[in-house]
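S.K.: Once you've had a glance at the structure underneath, I'll fire off some questions.
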Amino acid sequence: MDDQPAVGLGARLRRRVGVFRYTSRAVRLVWDTDRRLLVVIGLLTVAAGLLPAGIAWVGKQIVDAVVAAASSGTDAARTAALVWVAAEGGLVAGRSVVQRGLGIAEQLLRARLGFRVNVMILERALTLSLAQFEDAELYDKMVRARRQASTRPLSLARRTFGLVQDAITLVTYGGLLLAFSPWAVAVLVIAALPAFVAETRFSEAAFRLFSWRATETRQQNYLEAVLAREDYAKEVKLFGLGPMLLARYRAIFDQLYDEDRDLTLRRGLWGSVLGLVGTVAFYGMYGWIAWSAVLGRITLGDMTMYLLVFKQGQSVIAGALSSIGGMYEDNLYLSNLYDFLDGAEPERMGGATHGPDPSDGVRFEDVVFTYPGSERPALDGVSLHVRPGEKLALVGHNGSGKTTLIKLLAGFYRPTSGRITVDGLDVDGWDLDALRARIGVIFQDFVRYQLLVGENIGVGDVRHVDDAERWEEAADKGLALDFVQALPAGFQTQLGRWFPEGRELSIGQWQKVALSRAFMRGEADILVLDEPTSAMDAEAEAAIFDRFRSLTTDRIAVLISHRFSTVRMADRIAVLDHGRLIEVGSHDELVARQGRYAHLFALQAEGYR
């Protein structure tokens, strides 16, 4: 039944009891989500706990009243029997209303709570660093937290209330059964324990299985996206990848299904075997109660009530123990949620919003950086000073460290050694929001938002994301205004194919939208263009960078490009090779040195001849 290594009974009990530490946090979370609904659920739960015993007791009165009326034949006895029937009808109707009310309240609370928990997860995700997003283990934690944790807090709170309801019902049932025999109460409790123990152990096994599967689940989700999304469809069809990817998807499902089947069969088998204990106990008690009625020790009404109470008591105590087992399982899953919320450290934040020396610009001082999990440094001893108003070009093969420099400048990563300063202050000392407001970056892999054209530009400065005047100004600077105005709804045109009436742009047009996004940041005095015009022809790129240079006369501008016709416009050019800075100078100076830059320039020039 349990594949885990044998451990001491005390350790096992401590481990299982310790799981319940999340119960109070879950109930507090539900309370903070909607107190009124929780109070309503609490009151209805108490009512639901009291009604079953009342119905059982009234049932006894009905049987005894019917027997008395049959014996005496008086109108008063017959009327009394009908009154008790009406009373039971009222109680049953009340129980139905209470159960319906519980269902409605839980459904409303479930929606609000699911939203609240997802917001908590997303808020935590917003505080993570880029390095944490690229950490597979942390990403698995977030996936596990999102998969079921949004429903588990309400489940735990509901089971807690259900346990209270069952406890109230059991106390009233126990009071009725004690009048017959204390042993009846003991049998009622003991008969349900074996199935409960088995269910708890299988809940733990199911949770372990769930936790191990985070990577496989992400693989399935990824394969679904590749097979079903429009941005993958062209290559999937062109290269005939569909059958191969679908086969992988099926293989993952088969693996997960086999594990589920084994657990389900074992759980079902042991549940059936141990469930027989309850059946044997019930019919043993049935015989005892019936024999007592035959001997005249109890009335026919008593017999009816005791049988009903014992049978329903079995169901209630099984439900109570199931609630405890379910609470145990809920706590296991909630450990994923709180492990992510408590364990994922937010991005470091300094407090400074200004540097001591704005005339100093940007400095890289002997910067070394190695990506997590990599053995080779992406940057190795880079020192570089960029003064305010200077235009710097970064040149080098793919993987030479150009984009990594920008990621470090924006605070996405911390240098392994060395330091980076902006306005004379170490990046570590800056408030990240203030630092990033100073920087406008368009990366080569910029995002194509499924939003309106204007919003796609406006996200460059979220404070003015809906400012139509600034959209137009930024689009003009990014040379996107002409084609945007030609669209059916201009800046109000929906982009992408995910939503109705969406329009798709060419790659070159998307790049102009992304470039316009950089110009939304009117306060940014460090502008970085990381291969943003790679899909444009040389003439269009030259026009953009002429415009870019004229609009950034008083700002630092960093250009990353493989086209030397554009690079030569920069004041200085920095050449990177395998993470090391090997040359710095103007175009003419570097050509005259006949070094790495001159070699690359000559190769590209030869290609145009």
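A note on labels: chains of the structure tokens are A, B, ... as shown, every chain counts residues from 1, and ligands are counted from 1 in their shown order.
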Using only C-alpha atoms, determine which residues lie at most 12 Å from Leu108 in chain A, disregarding the query and same-chain residues fewer than 4 positions distant; provide the list as a list in words.

M.R.: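 The filter keeps Val30, Thr33, Asp34, Arg36, Leu37, Leu38, Val40, Ile41, Gly101, Leu102, Gly103, Ile104, Arg112, Leu113, Gly114, Phe115 and Leu154 of chain A.
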
S.K.: Just all heavy atoms for this one: save the residues we selected as a short mmCIF file (atom, residue, chain, number, x, y, z; two decimals), in the first residue's frame.

M.R.:
data_model
loop_
_atom_site.label_atom_id
_atom_site.label_comp_id
_atom_site.auth_asym_id
_atom_site.auth_seq_id
_atom_site.Cartn_x
_atom_site.Cartn_y
_atom_site.Cartn_z
N VAL A 30 -9.59 32.30 3.18
CA VAL A 30 -11.00 32.30 2.80
C VAL A 30 -11.74 33.43 3.53
O VAL A 30 -12.58 34.13 2.95
CB VAL A 30 -11.64 30.94 3.12
CG1 VAL A 30 -13.12 30.95 2.78
CG2 VAL A 30 -10.94 29.83 2.34
N THR A 33 -11.11 36.66 1.92
CA THR A 33 -11.70 36.77 0.58
C THR A 33 -13.13 37.27 0.64
O THR A 33 -13.51 38.17 -0.11
CB THR A 33 -11.64 35.40 -0.12
OG1 THR A 33 -10.28 34.99 -0.26
CG2 THR A 33 -12.28 35.47 -1.50
N ASP A 34 -13.96 36.69 1.52
CA ASP A 34 -15.36 37.13 1.65
C ASP A 34 -15.89 36.67 3.00
O ASP A 34 -16.31 35.51 3.16
CB ASP A 34 -16.22 36.58 0.52
CG ASP A 34 -17.54 37.30 0.39
OD1 ASP A 34 -18.17 37.57 1.43
OD2 ASP A 34 -17.94 37.61 -0.75
N ARG A 36 -18.56 37.64 4.71
CA ARG A 36 -20.01 37.41 4.81
C ARG A 36 -20.39 36.02 4.32
O ARG A 36 -21.19 35.33 4.96
CB ARG A 36 -20.75 38.49 4.02
CG ARG A 36 -20.69 39.88 4.65
CD ARG A 36 -21.41 40.91 3.80
NE ARG A 36 -20.79 41.03 2.49
CZ ARG A 36 -21.24 41.83 1.53
NH1 ARG A 36 -22.33 42.55 1.73
NH2 ARG A 36 -20.64 41.90 0.36
N LEU A 37 -19.84 35.64 3.18
CA LEU A 37 -20.16 34.30 2.66
C LEU A 37 -19.68 33.22 3.61
O LEU A 37 -20.35 32.19 3.80
CB LEU A 37 -19.51 34.12 1.28
CG LEU A 37 -20.27 34.71 0.09
CD1 LEU A 37 -19.45 34.55 -1.19
CD2 LEU A 37 -21.63 34.04 -0.08
N LEU A 38 -18.52 33.42 4.22
CA LEU A 38 -17.99 32.41 5.14
C LEU A 38 -18.87 32.29 6.38
O LEU A 38 -19.11 31.18 6.88
CB LEU A 38 -16.55 32.76 5.53
CG LEU A 38 -15.77 31.63 6.21
CD1 LEU A 38 -15.64 30.43 5.28
CD2 LEU A 38 -14.38 32.11 6.61
N VAL A 40 -22.11 32.94 6.47
CA VAL A 40 -23.32 32.25 6.01
C VAL A 40 -23.07 30.74 5.95
O VAL A 40 -23.91 29.94 6.41
CB VAL A 40 -23.75 32.78 4.63
CG1 VAL A 40 -24.82 31.88 4.02
CG2 VAL A 40 -24.25 34.21 4.74
N ILE A 41 -21.92 30.34 5.39
CA ILE A 41 -21.60 28.91 5.31
C ILE A 41 -21.49 28.31 6.70
O ILE A 41 -21.96 27.19 6.96
CB ILE A 41 -20.28 28.71 4.54
CG1 ILE A 41 -20.48 29.06 3.05
CG2 ILE A 41 -19.78 27.27 4.67
CD1 ILE A 41 -19.21 29.03 2.23
N GLY A 101 -28.62 26.13 0.05
CA GLY A 101 -27.94 27.38 0.42
C GLY A 101 -26.45 27.20 0.54
O GLY A 101 -25.67 28.07 0.11
N LEU A 102 -26.01 26.06 1.11
CA LEU A 102 -24.58 25.78 1.20
C LEU A 102 -23.95 25.70 -0.19
O LEU A 102 -22.87 26.23 -0.43
CB LEU A 102 -24.35 24.47 1.96
CG LEU A 102 -24.34 24.55 3.48
CD1 LEU A 102 -24.30 23.14 4.08
CD2 LEU A 102 -23.16 25.37 3.99
N GLY A 103 -24.66 25.02 -1.11
CA GLY A 103 -24.13 24.89 -2.47
C GLY A 103 -23.96 26.24 -3.15
O GLY A 103 -22.94 26.50 -3.80
N ILE A 104 -24.96 27.12 -2.99
CA ILE A 104 -24.89 28.44 -3.62
C ILE A 104 -23.75 29.26 -3.03
O ILE A 104 -22.96 29.89 -3.75
CB ILE A 104 -26.24 29.18 -3.45
CG1 ILE A 104 -27.33 28.47 -4.26
CG2 ILE A 104 -26.11 30.64 -3.87
CD1 ILE A 104 -28.72 29.00 -4.00
N ARG A 112 -14.64 33.57 -6.20
CA ARG A 112 -13.85 34.68 -5.65
C ARG A 112 -12.50 34.19 -5.12
O ARG A 112 -11.47 34.85 -5.30
CB ARG A 112 -14.63 35.37 -4.53
CG ARG A 112 -15.84 36.15 -5.02
CD ARG A 112 -16.59 36.80 -3.86
NE ARG A 112 -15.74 37.72 -3.13
CZ ARG A 112 -15.52 38.99 -3.48
NH1 ARG A 112 -16.09 39.47 -4.58
NH2 ARG A 112 -14.75 39.76 -2.75
N LEU A 113 -12.51 33.01 -4.50
CA LEU A 113 -11.28 32.51 -3.92
C LEU A 113 -10.31 32.06 -5.01
O LEU A 113 -9.10 32.32 -4.92
CB LEU A 113 -11.58 31.35 -2.97
CG LEU A 113 -10.38 30.79 -2.21
CD1 LEU A 113 -9.81 31.86 -1.28
CD2 LEU A 113 -10.79 29.57 -1.40
N GLY A 114 -10.81 31.39 -6.04
CA GLY A 114 -9.93 30.98 -7.13
C GLY A 114 -9.25 32.17 -7.77
O GLY A 114 -8.06 32.14 -8.07
N PHE A 115 -10.01 33.24 -7.96
CA PHE A 115 -9.43 34.46 -8.54
C PHE A 115 -8.38 35.05 -7.59
O PHE A 115 -7.30 35.44 -8.03
CB PHE A 115 -10.53 35.49 -8.79
CG PHE A 115 -10.04 36.84 -9.22
CD1 PHE A 115 -9.56 37.04 -10.50
CD2 PHE A 115 -10.03 37.90 -8.33
CE1 PHE A 115 -9.09 38.28 -10.90
CE2 PHE A 115 -9.56 39.15 -8.71
CZ PHE A 115 -9.09 39.33 -10.00
N LEU A 154 -10.48 26.67 -0.57
CA LEU A 154 -11.91 26.54 -0.32
C LEU A 154 -12.26 25.11 0.07
O LEU A 154 -13.08 24.88 0.96
CB LEU A 154 -12.71 26.95 -1.55
CG LEU A 154 -14.24 26.84 -1.39
CD1 LEU A 154 -14.71 27.70 -0.24
CD2 LEU A 154 -14.95 27.22 -2.67
#

S.K.: Residues of range 320-401 of chain A in alpha helix (DSSP H) according to DSSP, as a PyMOL selection string?

M.R.: chain A and resi 320-343

S.K.: Please identify every residue of range 34-116 of chain A that has at least one atom no farther than 6 Å from an atom of range 158-172 of chain A, counting only C-alpha atoms, and for each give the shortest atom pair and the distance in Å to one decimal, arranged by chain then increasing number, as a Markdown table.

M.R.:
| residue | atom | partner | partner_atom | distance |
| --- | --- | --- | --- | --- |
| A:Thr45 | CA | A:Gln165 | CA | 5.5 |
| A:Val46 | CA | A:Gln165 | CA | 5.8 |
| A:Gly49 | CA | A:Gln165 | CA | 4.3 |
| A:Leu50 | CA | A:Thr169 | CA | 5.8 |
| A:Ala53 | CA | A:Thr172 | CA | 6.0 |

S.K.: Mind writing the picked residues with N, CA, C and O atoms as a short mmCIF file (atom, residue, chain, number, x, y, z; two decimals), in the first residue's frame?

M.R.:
data_model
loop_
_atom_site.label_atom_id
_atom_site.label_comp_id
_atom_site.auth_asym_id
_atom_site.auth_seq_id
_atom_site.Cartn_x
_atom_site.Cartn_y
_atom_site.Cartn_z
N THR A 45 -23.87 25.44 8.11
CA THR A 45 -23.21 24.18 8.51
C THR A 45 -23.73 23.70 9.86
O THR A 45 -23.98 22.49 10.05
N VAL A 46 -23.88 24.61 10.81
CA VAL A 46 -24.41 24.23 12.13
C VAL A 46 -25.82 23.67 11.98
O VAL A 46 -26.17 22.63 12.57
N GLY A 49 -25.80 20.28 10.61
CA GLY A 49 -25.35 19.29 11.58
C GLY A 49 -26.43 18.87 12.57
O GLY A 49 -26.45 17.72 13.04
N LEU A 50 -27.34 19.77 12.87
CA LEU A 50 -28.37 19.47 13.87
C LEU A 50 -29.58 18.75 13.28
O LEU A 50 -30.23 17.95 13.95
N ALA A 53 -30.19 14.50 13.28
CA ALA A 53 -30.62 13.86 14.53
C ALA A 53 -32.08 14.20 14.83
O ALA A 53 -32.84 13.35 15.31
#

S.K.: From the DSSP assignment of the backbone, select every residue of range 304-494 of chain A that is strand (DSSP E), and format the answer as a ChimeraX atom specification.

M.R.: /A:362-369,379-386,391-395,417-422,425-426,439-442

S.K.: Just N, CA, C and O atoms for this one: save the residues we selected as a CSV table (one decimal), in the first residue's frame.

M.R.:
chain,number,residue,atom,x,y,z
A,362,VAL,N,27.3,55.6,-17.9
A,362,VAL,CA,27.3,54.2,-17.5
A,362,VAL,C,28.7,53.6,-17.5
A,362,VAL,O,29.5,53.9,-18.5
A,363,ARG,N,29.0,52.8,-16.5
A,363,ARG,CA,30.3,52.2,-16.4
A,363,ARG,C,30.2,50.7,-16.2
A,363,ARG,O,29.4,50.3,-15.3
A,364,PHE,N,31.0,49.9,-16.9
A,364,PHE,CA,31.1,48.5,-16.6
A,364,PHE,C,32.6,48.3,-16.1
A,364,PHE,O,33.5,48.7,-16.9
A,365,GLU,N,32.8,47.9,-14.9
A,365,GLU,CA,34.1,47.8,-14.3
A,365,GLU,C,34.5,46.3,-14.1
A,365,GLU,O,34.0,45.7,-13.1
A,366,ASP,N,35.3,45.8,-15.0
A,366,ASP,CA,35.8,44.4,-14.8
A,366,ASP,C,34.7,43.4,-14.5
A,366,ASP,O,34.7,42.6,-13.6
A,367,VAL,N,33.6,43.5,-15.4
A,367,VAL,CA,32.4,42.7,-15.1
A,367,VAL,C,32.6,41.3,-15.6
A,367,VAL,O,33.0,41.0,-16.8
A,368,VAL,N,32.3,40.3,-14.7
A,368,VAL,CA,32.3,38.9,-15.1
A,368,VAL,C,30.9,38.4,-14.8
A,368,VAL,O,30.3,38.7,-13.7
A,369,PHE,N,30.3,37.6,-15.7
A,369,PHE,CA,29.0,37.0,-15.4
A,369,PHE,C,28.9,35.7,-16.1
A,369,PHE,O,29.3,35.5,-17.2
A,379,LEU,N,30.3,36.8,-19.9
A,379,LEU,CA,31.1,38.0,-19.9
A,379,LEU,C,32.3,37.8,-19.0
A,379,LEU,O,32.2,37.2,-17.9
A,380,ASP,N,33.5,38.2,-19.5
A,380,ASP,CA,34.7,37.9,-18.8
A,380,ASP,C,35.6,39.1,-18.7
A,380,ASP,O,36.4,39.4,-19.7
A,381,GLY,N,35.5,39.9,-17.6
A,381,GLY,CA,36.4,41.0,-17.4
A,381,GLY,C,36.1,42.2,-18.3
A,381,GLY,O,37.1,42.9,-18.7
A,382,VAL,N,34.9,42.5,-18.5
A,382,VAL,CA,34.5,43.6,-19.4
A,382,VAL,C,34.5,44.9,-18.7
A,382,VAL,O,33.9,45.1,-17.6
A,383,SER,N,35.3,45.9,-19.2
A,383,SER,CA,35.3,47.3,-18.7
A,383,SER,C,35.0,48.2,-19.8
A,383,SER,O,35.7,48.2,-20.8
A,384,LEU,N,34.1,49.1,-19.6
A,384,LEU,CA,33.6,50.0,-20.6
A,384,LEU,C,32.9,51.2,-20.0
A,384,LEU,O,32.2,51.1,-19.0
A,385,HIS,N,33.2,52.4,-20.5
A,385,HIS,CA,32.6,53.6,-20.0
A,385,HIS,C,31.8,54.3,-21.2
A,385,HIS,O,32.4,54.6,-22.2
A,386,VAL,N,30.5,54.6,-21.0
A,386,VAL,CA,29.7,55.2,-22.0
A,386,VAL,C,29.2,56.5,-21.4
A,386,VAL,O,28.5,56.6,-20.4
A,391,LYS,N,26.9,57.7,-28.5
A,391,LYS,CA,26.3,56.6,-29.2
A,391,LYS,C,27.3,55.4,-29.4
A,391,LYS,O,28.4,55.6,-30.0
A,392,LEU,N,27.0,54.3,-28.8
A,392,LEU,CA,27.9,53.1,-28.7
A,392,LEU,C,27.3,52.0,-29.5
A,392,LEU,O,26.1,51.7,-29.4
A,393,ALA,N,28.1,51.3,-30.3
A,393,ALA,CA,27.6,50.1,-31.0
A,393,ALA,C,28.3,48.9,-30.4
A,393,ALA,O,29.6,49.0,-30.2
A,394,LEU,N,27.6,47.8,-30.3
A,394,LEU,CA,28.2,46.6,-29.8
A,394,LEU,C,28.2,45.6,-31.0
A,394,LEU,O,27.2,45.4,-31.6
A,395,VAL,N,29.4,45.0,-31.2
A,395,VAL,CA,29.6,44.1,-32.4
A,395,VAL,C,30.2,42.8,-31.9
A,395,VAL,O,31.0,42.8,-31.0
A,417,SER,N,31.1,39.0,-10.7
A,417,SER,CA,32.1,39.8,-10.0
A,417,SER,C,32.2,41.1,-10.8
A,417,SER,O,31.7,41.2,-12.0
A,418,GLY,N,32.9,42.1,-10.3
A,418,GLY,CA,32.9,43.4,-10.9
A,418,GLY,C,31.6,44.2,-10.6
A,418,GLY,O,30.8,43.7,-9.8
A,419,ARG,N,31.5,45.4,-11.2
A,419,ARG,CA,30.3,46.1,-10.9
A,419,ARG,C,29.9,47.0,-12.1
A,419,ARG,O,30.7,47.3,-13.0
A,420,ILE,N,28.6,47.4,-12.1
A,420,ILE,CA,28.1,48.3,-13.1
A,420,ILE,C,27.5,49.5,-12.4
A,420,ILE,O,26.8,49.4,-11.3
A,421,THR,N,27.8,50.7,-12.9
A,421,THR,CA,27.3,52.0,-12.2
A,421,THR,C,26.5,52.8,-13.3
A,421,THR,O,26.8,52.8,-14.4
A,422,VAL,N,25.5,53.5,-12.8
A,422,VAL,CA,24.7,54.4,-13.6
A,422,VAL,C,24.7,55.7,-12.8
A,422,VAL,O,24.3,55.8,-11.6
A,425,LEU,N,26.4,55.5,-9.4
A,425,LEU,CA,25.9,54.6,-8.3
A,425,LEU,C,25.8,53.2,-8.8
A,425,LEU,O,25.3,53.0,-9.9
A,426,ASP,N,26.3,52.2,-8.0
A,426,ASP,CA,26.2,50.8,-8.4
A,426,ASP,C,24.7,50.5,-8.6
A,426,ASP,O,23.8,50.9,-7.9
A,439,ILE,N,15.7,53.5,-18.7
A,439,ILE,CA,16.2,52.7,-19.8
A,439,ILE,C,15.1,52.3,-20.8
A,439,ILE,O,14.1,51.8,-20.3
A,440,GLY,N,15.3,52.5,-22.0
A,440,GLY,CA,14.3,52.1,-23.1
A,440,GLY,C,15.0,51.0,-23.9
A,440,GLY,O,16.0,51.3,-24.6
A,441,VAL,N,14.6,49.8,-23.8
A,441,VAL,CA,15.2,48.7,-24.5
A,441,VAL,C,14.2,48.0,-25.5
A,441,VAL,O,13.1,47.7,-25.1
A,442,ILE,N,14.6,47.7,-26.7
A,442,ILE,CA,13.9,46.9,-27.6
A,442,ILE,C,14.8,45.7,-27.9
A,442,ILE,O,15.8,45.8,-28.6

S.K.: Pick from A:Ser24, A:Gln255, A:Thr299, A:Ser335: nearest to Lys141 in chain A, with only C-alpha atoms counted?

M.R.: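 Comparing A:Ser24, A:Gln255, A:Thr299, A:Ser335 against Lys141 in chain A, the winner is A:Ser335.
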
S.K.: For Met142 in chain A, work out the shell of residues within 9 Å, counting only C-alpha atoms and skipping chain neighbours fewer than 4 positions away, then give it as a ChimeraX atom specification.

M.R.: /A:121,125,137-138,146-147,336-337,340-341

S.K.: Dump N, CA and C atoms for the selected residues as an mmCIF file, in the first residue's frame?

M.R.:
data_model
loop_
_atom_site.group_PDB
_atom_site.id
_atom_site.type_symbol
_atom_site.label_atom_id
_atom_site.label_comp_id
_atom_site.auth_asym_id
_atom_site.auth_seq_id
_atom_site.Cartn_x
_atom_site.Cartn_y
_atom_site.Cartn_z
ATOM 1 N N ILE A 121 -0.575 34.361 -6.827
ATOM 2 C CA ILE A 121 0.514 33.688 -7.546
ATOM 3 C C ILE A 121 1.112 34.623 -8.591
ATOM 4 N N ALA A 125 4.780 36.208 -8.981
ATOM 5 C CA ALA A 125 5.547 36.032 -10.218
ATOM 6 C C ALA A 125 6.128 37.363 -10.699
ATOM 7 N N GLU A 137 13.478 24.510 -11.631
ATOM 8 C CA GLU A 137 12.912 24.029 -10.371
ATOM 9 C C GLU A 137 11.880 25.015 -9.831
ATOM 10 N N LEU A 138 12.217 26.319 -9.864
ATOM 11 C CA LEU A 138 11.273 27.326 -9.392
ATOM 12 C C LEU A 138 10.052 27.386 -10.303
ATOM 13 N N ARG A 146 -0.117 26.638 -9.325
ATOM 14 C CA ARG A 146 -1.240 27.118 -10.114
ATOM 15 C C ARG A 146 -2.210 25.999 -10.473
ATOM 16 N N ARG A 147 -1.744 24.758 -10.516
ATOM 17 C CA ARG A 147 -2.571 23.684 -11.052
ATOM 18 C C ARG A 147 -3.788 23.382 -10.190
ATOM 19 N N ASN A 336 2.388 23.248 -1.810
ATOM 20 C CA ASN A 336 2.934 23.755 -3.063
ATOM 21 C C ASN A 336 2.712 25.257 -3.183
ATOM 22 N N LEU A 337 1.484 25.701 -2.870
ATOM 23 C CA LEU A 337 1.163 27.123 -2.979
ATOM 24 C C LEU A 337 2.046 27.948 -2.063
ATOM 25 N N PHE A 340 5.737 28.117 -2.844
ATOM 26 C CA PHE A 340 6.057 29.097 -3.893
ATOM 27 C C PHE A 340 5.941 30.520 -3.355
ATOM 28 N N LEU A 341 4.847 30.818 -2.639
ATOM 29 C CA LEU A 341 4.642 32.184 -2.150
ATOM 30 C C LEU A 341 5.677 32.590 -1.112
#

S.K.: Work out how far apart CA of Arg414 in chain A and CA of Phe548 in chain A are and give it in Å to one decimal.

M.R.: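 According to the coordinates, CA of Arg414 in chain A and CA of Phe548 in chain A are separated by 29.4 Å.
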
S.K.: Considering only C-alpha atoms, state which residue in the set A:Arg152, A:Arg25, A:Arg497, A:Arg549 is at the smallest distance from Met569 in chain A.

M.R.: A:Arg549

S.K.: When you look at Gln450 in chain A with a cut-off of 8 Å (counting only C-alpha atoms), what residues show up, excluding the ones that are within fewer than 3 positions of it in the same chain? I need them as a PyMOL selection string.

M.R.: chain A and resi 494-499

S.K.: Take the residues just selected and output them with N, CA, C and O atoms as a PDB file, in the first residue's frame.

M.R.:
ATOM      1  N   GLN A 494      -7.026  45.961 -33.789  1.00  0.00           N
ATOM      2  CA  GLN A 494      -6.580  44.818 -32.990  1.00  0.00           C
ATOM      3  C   GLN A 494      -5.492  44.065 -33.751  1.00  0.00           C
ATOM      4  O   GLN A 494      -5.647  43.755 -34.931  1.00  0.00           O
ATOM      5  N   LEU A 495      -4.392  43.782 -33.078  1.00  0.00           N
ATOM      6  CA  LEU A 495      -3.300  43.035 -33.699  1.00  0.00           C
ATOM      7  C   LEU A 495      -3.316  41.578 -33.257  1.00  0.00           C
ATOM      8  O   LEU A 495      -3.737  41.256 -32.140  1.00  0.00           O
ATOM      9  N   GLY A 496      -2.800  40.699 -34.120  1.00  0.00           N
ATOM     10  CA  GLY A 496      -2.759  39.275 -33.814  1.00  0.00           C
ATOM     11  C   GLY A 496      -4.040  38.574 -34.223  1.00  0.00           C
ATOM     12  O   GLY A 496      -5.038  39.210 -34.576  1.00  0.00           O
ATOM     13  N   ARG A 497      -4.012  37.248 -34.166  1.00  0.00           N
ATOM     14  CA  ARG A 497      -5.145  36.448 -34.623  1.00  0.00           C
ATOM     15  C   ARG A 497      -5.929  35.795 -33.489  1.00  0.00           C
ATOM     16  O   ARG A 497      -6.815  34.991 -33.738  1.00  0.00           O
ATOM     17  N   TRP A 498      -5.596  36.123 -32.251  1.00  0.00           N
ATOM     18  CA  TRP A 498      -6.273  35.452 -31.146  1.00  0.00           C
ATOM     19  C   TRP A 498      -7.693  35.951 -30.941  1.00  0.00           C
ATOM     20  O   TRP A 498      -8.540  35.232 -30.406  1.00  0.00           O
ATOM     21  N   PHE A 499      -7.947  37.210 -31.325  1.00  0.00           N
ATOM     22  CA  PHE A 499      -9.235  37.812 -31.023  1.00  0.00           C
ATOM     23  C   PHE A 499      -9.912  38.277 -32.310  1.00  0.00           C
ATOM     24  O   PHE A 499      -9.260  38.454 -33.340  1.00  0.00           O
TER      25      PHE A 499
END

S.K.: Can you tell me which residues surround Ser586 in chain A at a distance of at most 8 Å, considering only C-alpha atoms, apart from same-chain residues fewer than 2 positions away, and format the answer as a list in words?

M.R.: Arg568, Ala570, Asp571, Arg572, Ile573, Val584, Asp588, Glu589 and Leu590 of chain A

S.K.: For the selection just defined, write its residues with N, CA, C and O atoms to a file, as a PDB file, in the first residue's frame.

M.R.:
ATOM      1  N   ARG A 568      28.668  51.839 -38.236  1.00  0.00           N
ATOM      2  CA  ARG A 568      29.678  52.873 -38.427  1.00  0.00           C
ATOM      3  C   ARG A 568      29.161  54.261 -38.067  1.00  0.00           C
ATOM      4  O   ARG A 568      29.943  55.203 -37.917  1.00  0.00           O
ATOM      5  N   ALA A 570      27.943  55.033 -35.239  1.00  0.00           N
ATOM      6  CA  ALA A 570      28.147  55.230 -33.809  1.00  0.00           C
ATOM      7  C   ALA A 570      29.409  56.028 -33.533  1.00  0.00           C
ATOM      8  O   ALA A 570      30.354  56.042 -34.325  1.00  0.00           O
ATOM      9  N   ASP A 571      29.433  56.709 -32.373  1.00  0.00           N
ATOM     10  CA  ASP A 571      30.639  57.433 -31.968  1.00  0.00           C
ATOM     11  C   ASP A 571      31.767  56.462 -31.678  1.00  0.00           C
ATOM     12  O   ASP A 571      32.929  56.714 -32.042  1.00  0.00           O
ATOM     13  N   ARG A 572      31.416  55.380 -30.980  1.00  0.00           N
ATOM     14  CA  ARG A 572      32.412  54.353 -30.681  1.00  0.00           C
ATOM     15  C   ARG A 572      31.800  52.984 -30.908  1.00  0.00           C
ATOM     16  O   ARG A 572      30.578  52.812 -30.807  1.00  0.00           O
ATOM     17  N   ILE A 573      32.669  52.030 -31.180  1.00  0.00           N
ATOM     18  CA  ILE A 573      32.239  50.652 -31.424  1.00  0.00           C
ATOM     19  C   ILE A 573      33.019  49.743 -30.477  1.00  0.00           C
ATOM     20  O   ILE A 573      34.250  49.852 -30.377  1.00  0.00           O
ATOM     21  N   VAL A 584      37.918  48.625 -28.853  1.00  0.00           N
ATOM     22  CA  VAL A 584      37.017  49.764 -28.696  1.00  0.00           C
ATOM     23  C   VAL A 584      37.579  50.926 -29.502  1.00  0.00           C
ATOM     24  O   VAL A 584      38.782  51.211 -29.435  1.00  0.00           O
ATOM     25  N   ASP A 588      36.617  54.307 -38.117  1.00  0.00           N
ATOM     26  CA  ASP A 588      37.878  54.546 -38.817  1.00  0.00           C
ATOM     27  C   ASP A 588      39.058  54.019 -38.013  1.00  0.00           C
ATOM     28  O   ASP A 588      39.993  53.427 -38.585  1.00  0.00           O
ATOM     29  N   GLU A 589      39.039  54.229 -36.691  1.00  0.00           N
ATOM     30  CA  GLU A 589      40.147  53.761 -35.848  1.00  0.00           C
ATOM     31  C   GLU A 589      40.252  52.239 -35.886  1.00  0.00           C
ATOM     32  O   GLU A 589      41.361  51.688 -35.989  1.00  0.00           O
ATOM     33  N   LEU A 590      39.131  51.568 -35.829  1.00  0.00           N
ATOM     34  CA  LEU A 590      39.162  50.100 -35.794  1.00  0.00           C
ATOM     35  C   LEU A 590      39.556  49.512 -37.143  1.00  0.00           C
ATOM     36  O   LEU A 590      40.255  48.492 -37.204  1.00  0.00           O
TER      37      LEU A 590
END
